[in-house]
Amino acid sequence: MKRPGALREVYDRLLARFGPQRWWPAETRFEVMVGAVLTQATAWGNVEKAIARLKSAGALSPEGIRRLPVDELAHLVYPSGYYNAKARKLKALAAYVGEAYGDDIDVMGRSDTLALREEMLGIHGIGEETADDILLYALGKPVFVIDAYTKRIFHRLGLAPERGPYFEYSALFTDNLPHDAEMFGEYHALIVRLGVEYCKKTPACAGCCLLDICPAGRSQAVD
DNA sequence: GCCCAGGGGGCTC
DNA sequence: GAGCCCCATGGG
């Protein structure tokens with residue numbers, strides 16, 4: 001597999017193998033933002049439990065989160081782990097959307113992408129990946145989300161270094177693919193799908209054998 | 001029991 | 001700016 005078009009090739013194979021993932025699973029855009037914080041270093045199944053608890057408490061809104069005492073918020077998000085830390089982060093997020101945009105996510109979404117990103121990086125609990133999750137999946141901006149799976153898999157494929165600054169990885173994708181938010185969203189979701197299903201089972205392969213693009217030359221006979 | 005999840009903050013050097 | 005440690009539940 002040659003380098004030009006390699007990223008498109010991987011995407012096509014992932015899509016053919018797994019089909020559209022249709023991320024982000026949520027009823028509202030603010031729910032996407034909350035999920036982006038809750039899923040930090042956390043299995044999605046645990047996040048779903050926390051989201052459900054927030055919903056049944058009527059707290060899945062900026063105003064709802066601001067109104068709750070932080071310890072009660074922590075109790076609600078308990079199943080997602082790091083509950084004290086995440087309660088603080090959700091408080092910071094809810095305060096931000098209220099102060100900066102009057103809780104209007106539509107207004108927020110009309111702001112400039114880079115300005116929004118810088119703004120959000122200043123919020124407690126929002127780092128580069130979470131900011132990009134929000135930009136892409138809540139606001140529809142064409143940014144590419146980089147997570148641990150992306151680094152691991154594309155390093156195995158010989159397309160990226162083993163480690164390095166976040167922007168070097170995101171540039172790999174945004175410099176070599178059309179800036180299509182829908183495709184970027186599918187691509188990241190497919191990478192996570194591959195990582196969740198195969199990185200743990202066959203860590204030495206990182207799933208590339210399954211796609212028949214293993215640089216070590218192994219075929220997809222990996223069960 | 002051990003390992004790791006769809007990271008980020010805070011501290012040290 | 002890189003390297004640690006901390007946050008914490010739940011499934012494999």
# chains A, B, ... in the order shown; residues from 1 in each chain; ligands from 1

$ closest_atom_pairs --of "chain A" --to "chain C" --cutoff "8 Å" --atoms "only C-alpha atoms (C1' of nucleotides)" --output "Markdown table"
| residue | atom | partner | partner_atom | distance |
| --- | --- | --- | --- | --- |
| A:Asn46 | CA | C:DG10 | C1' | 7.2 |
| A:Tyr78 | CA | C:DT9 | C1' | 7.6 |
| A:Pro79 | CA | C:DT9 | C1' | 5.8 |
| A:Ser80 | CA | C:DT9 | C1' | 6.2 |
| A:Gly81 | CA | C:DT9 | C1' | 4.6 |
| A:Tyr82 | CA | C:DA8 | C1' | 4.7 |
| A:Tyr83 | CA | C:DA8 | C1' | 7.3 |
| A:Ala85 | CA | C:DC7 | C1' | 6.5 |

$ residues_around --residues "Val34 of chain A" --least-positions-apart "3" --cutoff "12 Å" --atoms "only C-alpha atoms (C1' of nucleotides)" --output "count of residues only"
44

$ atom_distance --atom1 "atom CA of Leu68 of chain A" --atom2 "atom CA of Ala95 of chain A"
12.2 Å

$ residues_around --residues "Ile146 of chain A" --least-positions-apart "3" --cutoff "7 Å" --atoms "only C-alpha atoms (C1' of nucleotides)" --output "number ranges by chain"
A: 129, 150, 169-170

$ interface_residues --of "chain B" --to "chain A" --cutoff "7 Å" --atoms "only C-alpha atoms (C1' of nucleotides)" --output "PyMOL selection string"
chain B and resi 5-8

$ atom_distance --atom1 "atom CA of Ala181 of chain A" --atom2 "atom CA of Phe144 of chain A"
8.3 Å

$ atom_distance --atom1 "atom CA of Asp175 of chain A" --atom2 "atom CA of Ala6 of chain A"
12.3 Å
